[in-house]
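Taking it in order: structure first as structure tokens, then the write-up.
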Number of protein chains: 2
Amino acid sequence: MQTKKPDRMPDALVRRLPAYYRQLTELEQEGVTEISSFKLAEHMGLTDSQIRHDLNSFGGFGRRGLGYQVATLKKSIGDIMDINREHPMIIIGAGRIGSAVAMYPGFKEAGFNVTALFDVSPELIGTQVGGAPVLDAQQLTEYLAQNDIEIAIIATPATQAQQTLDTVAQAGVRGVWNFVPTTLIAPEGMVVINVHLTDSLMALSFRMHEVDVINQGLSWTE
Amino acid sequence: MQTKKPDRMPDALVRRLPAYYRQLTELEQEGVTEISSFKLAEHMGLTDSQIRHDLNSFGGFGRRGLGYQVATLKKSIGDIMDINREHPMIIIGAGRIGSAVAMYPGFKEAGFNVTALFDVSPELIGTQVGGAPVLDAQQLTEYLAQNDIEIAIIATPATQAQQTLDTVAQAGVRGVWNFVPTTLIAPEGMVVINVHLTDSLMALSFRMHEVDVINQGLSWTE
């Protein structure tokens with residue numbers, strides 16, 4: 001009898017799940033129906049024991065020696081990420097970031113469907129972005145009461161971000177995708193993923209520096 | 001005598017470097033001048049042995065029992081990421097994504113300075129985005145010959161992305177920040193960081209599902 005709650009999955013594993021899904025989608029498009037963990041590992045730059053270990057975290061899907069059915073494994077990983085259904089989302093803040101997200105290719109195909117944007121600017125309210133209407137931010141609470149929205153994308157000015165999170169949390173939104181470079185406090189049970197674009201640029205800068213350190217035999221700190 | 005080239009640093013470590021930098025910047029702003037690895041670990045949700053291990057990868061900065069000087073450590077991590085100087089960048093593709101990136105707050109302060117955008121659209125050429133001019137994509141090679149650009153941000157249609165990478169690589173650009181959801185092939189020595197925004201949404205969806213699995217004692221695969 002198991003009474004202990006399972007732990008959260010490690011970030012590194014969660015980061016690999018979309019990569020598996022992408023790889024399996026590509027294989028499916030190429031007409032590949034079965035693949036060994038060894039071949040899949042080769043495609044993904046991982047070891048086959050890493051892949052078996054990752055999949056075993058969720059119960060395992062392998063048939064030792066037989067490899068994986070591409071379509072079945074893709075479906076299972078989609079179920080694990082819970083992306084085999086629609087996720088209605090709203091965007092709060094219809095400025096450059098908010099509207100870029102609304103227009104971003106690939107979200108809708110993955111079932112992430114923006115139903116509305118919200119803004120305070122009279123010039124934006126009433127327009128359409130990426131097929132979704134921009135509504136008055138004052139209607140936010142009412143809209144959330146009438147529509148079953150799972151995910152709120154926060155793209156407001158930094159000063160409004162926490163208050164926006166509090167509003168959507170109170171209305172029952174369970175997930176926040178935060179584009180504002182500020183730390184937000186969320187209630188228990190709500191999930192917040194912060195998109196730190198500057199971190200990604202810093203990683204790029206680091207990797208460029210690393211090429212020089214390795215190739216020229218430099219020291220990291222001078 | 002060491003002849004073996006050092007390995008690339010692990011992705012997980014590289015991902016923590018900007019988080020250290022952000023935390024140290026916040027501490028500095030709060031007037032904290034010294035911090036123990038234990039306290040720093042607490043702030044960051046890591047263990048102190050993890051932090052010492054991370055920093056030792058670059059030669060180590062600790063004075064056992066004395067903790068870290070906030071300003072000195074911040075400077076060192078900035079040097080390691082090579083962000084204590086300007087990085088001139090260009091953006092290829094001045095559509096929603098490209099212009100959102102050009103306007104994104106925080107890049108310029110971190111020294112990532114967009115000097116120009118490039119596009120093929122006559123309506124965009126000649127305009128300004130985030131203080132930088134939108135130039136004709138036909139001028140790209142000429143511009144790169146005349147300006148010392150380190151990083152190219154690719155925000156073109158998917159069909160143009162590889163060709164754009166080839167062009168900037170040939171002109172000596174060493175880093176690519178790719179917003180196009182397609183796999184690009186880069187020459188040796190060039191660094192490419194792909195921004196997979198859909199992956200981040202999938203991670204959000206996974207974490208929301210995980211809350212249910214843990215709290216309701218569900219199984220991952222049905």
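So you can find residues: chains in the structure tokens are A, B, ... in the order shown, residues in each start at 1, and ligands are numbered from 1 in order.
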
All helix (DSSP H, G or I) positions in segment 25-176 of chain B, as a VMD selection string: chain B and resid 25 to 29 37 to 44 48 to 56 70 to 81 96 to 103 137 to 146 158 to 170

Write the selection just made, keeping C-alpha atoms, as a CSV table (one decimal), in the first residue's frame?
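What follows is the written file selection.csv:
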```
chain,number,residue,atom,x,y,z
B,25,THR,CA,21.6,41.6,-8.7
B,26,GLU,CA,18.6,41.5,-6.4
B,27,LEU,CA,20.7,41.1,-3.3
B,28,GLU,CA,22.9,44.0,-4.4
B,29,GLN,CA,19.8,46.1,-4.9
B,37,SER,CA,26.6,29.7,0.2
B,38,PHE,CA,23.9,28.4,2.6
B,39,LYS,CA,21.8,31.6,2.4
B,40,LEU,CA,22.4,32.0,-1.3
B,41,ALA,CA,21.2,28.4,-1.7
B,42,GLU,CA,18.1,29.1,0.3
B,43,HIS,CA,17.2,32.1,-1.9
B,44,MET,CA,17.6,30.0,-5.0
B,48,ASP,CA,24.8,24.9,-0.7
B,49,SER,CA,26.9,22.0,-2.0
B,50,GLN,CA,25.3,22.4,-5.4
B,51,ILE,CA,26.3,26.1,-5.4
B,52,ARG,CA,29.9,25.3,-4.4
B,53,HIS,CA,30.0,22.6,-7.0
B,54,ASP,CA,28.7,25.0,-9.7
B,55,LEU,CA,31.2,27.7,-8.9
B,56,ASN,CA,34.1,25.2,-8.6
B,70,VAL,CA,27.9,39.8,-3.6
B,71,ALA,CA,29.4,42.4,-6.0
B,72,THR,CA,32.5,40.3,-6.7
B,73,LEU,CA,30.6,37.1,-7.4
B,74,LYS,CA,28.1,38.9,-9.6
B,75,LYS,CA,31.0,40.4,-11.6
B,76,SER,CA,32.7,37.0,-12.0
B,77,ILE,CA,29.5,35.3,-13.1
B,78,GLY,CA,28.9,38.2,-15.5
B,79,ASP,CA,32.5,37.7,-16.9
B,80,ILE,CA,31.9,33.9,-17.2
B,81,MET,CA,28.7,34.6,-19.2
B,96,ARG,CA,5.6,40.1,-34.8
B,97,ILE,CA,8.3,38.0,-33.2
B,98,GLY,CA,11.2,40.0,-34.5
B,99,SER,CA,9.7,43.3,-33.4
B,100,ALA,CA,8.6,41.9,-30.0
B,101,VAL,CA,12.2,40.9,-29.5
B,102,ALA,CA,13.5,44.3,-30.6
B,103,MET,CA,11.2,45.9,-28.0
B,137,ALA,CA,17.1,42.2,-46.3
B,138,GLN,CA,19.1,42.6,-49.5
B,139,GLN,CA,21.5,44.8,-47.6
B,140,LEU,CA,22.2,42.1,-45.0
B,141,THR,CA,25.6,40.9,-46.3
B,142,GLU,CA,26.8,44.5,-46.9
B,143,TYR,CA,25.7,45.5,-43.4
B,144,LEU,CA,27.5,42.6,-41.8
B,145,ALA,CA,30.7,43.5,-43.7
B,146,GLN,CA,30.6,47.0,-42.4
B,158,ALA,CA,10.6,28.8,-41.5
B,159,THR,CA,11.5,28.4,-45.2
B,160,GLN,CA,14.1,31.2,-45.0
B,161,ALA,CA,15.7,30.3,-41.7
B,162,GLN,CA,18.5,28.0,-42.9
B,163,GLN,CA,19.5,30.3,-45.7
B,164,THR,CA,19.6,33.2,-43.3
B,165,LEU,CA,21.9,31.2,-40.9
B,166,ASP,CA,24.2,30.4,-43.8
B,167,THR,CA,24.4,34.0,-44.8
B,168,VAL,CA,25.2,35.4,-41.3
B,169,ALA,CA,27.7,32.5,-40.6
B,170,GLN,CA,29.6,33.3,-43.8
```

Once you count only C-alpha atoms, what closest atom pair and distance in Å to one decimal does each residue of chain A within 7 Å of chain B have, with rows by chain and rising residue number, as a tab-separated table?
```
residue	atom	partner	partner_atom	distance
A:Lys5	CA	B:Ile214	CA	6.1
A:Pro6	CA	B:Ile214	CA	6.1
A:Val14	CA	B:Ala203	CA	6.2
A:Arg15	CA	B:Ala203	CA	6.9
A:Pro18	CA	B:Asp199	CA	5.4
A:Phe58	CA	B:Trp220	CA	5.7
A:Ser76	CA	B:Thr221	CA	6.9
A:Ile80	CA	B:Trp220	CA	6.0
A:Met81	CA	B:Phe206	CA	4.1
A:Asp82	CA	B:Phe206	CA	6.1
A:Ile83	CA	B:Ser205	CA	7.0
A:Arg96	CA	B:Ala100	CA	5.0
A:Ile97	CA	B:Ala100	CA	5.4
A:Ala100	CA	B:Arg96	CA	5.0
A:Gly106	CA	B:Thr198	CA	7.0
A:Phe107	CA	B:Thr198	CA	6.3
A:Gly175	CA	B:Met208	CA	6.6
A:Gly189	CA	B:Val211	CA	6.7
A:Val191	CA	B:Met208	CA	6.1
A:Ile193	CA	B:Leu204	CA	6.1
A:Thr198	CA	B:Phe107	CA	6.3
A:Asp199	CA	B:Pro18	CA	5.4
A:Met202	CA	B:Met81	CA	6.3
A:Ala203	CA	B:Val14	CA	6.2
A:Leu204	CA	B:Ile193	CA	6.1
A:Ser205	CA	B:Met81	CA	5.9
A:Phe206	CA	B:Met81	CA	4.1
A:Arg207	CA	B:Val191	CA	6.6
A:Met208	CA	B:Val191	CA	6.1
A:His209	CA	B:Asp82	CA	6.4
A:Val211	CA	B:Gly189	CA	6.7
A:Ile214	CA	B:Pro6	CA	6.1
A:Trp220	CA	B:Phe58	CA	5.7
A:Thr221	CA	B:Ile80	CA	6.8
```

Just give me the gap between atom CA of Leu46 of chain A and atom CA of Ala186 of chain B in Å, one decimal is fine.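 Straight-line distance from atom CA of Leu46 of chain A to atom CA of Ala186 of chain B works out to 19.8 Å.
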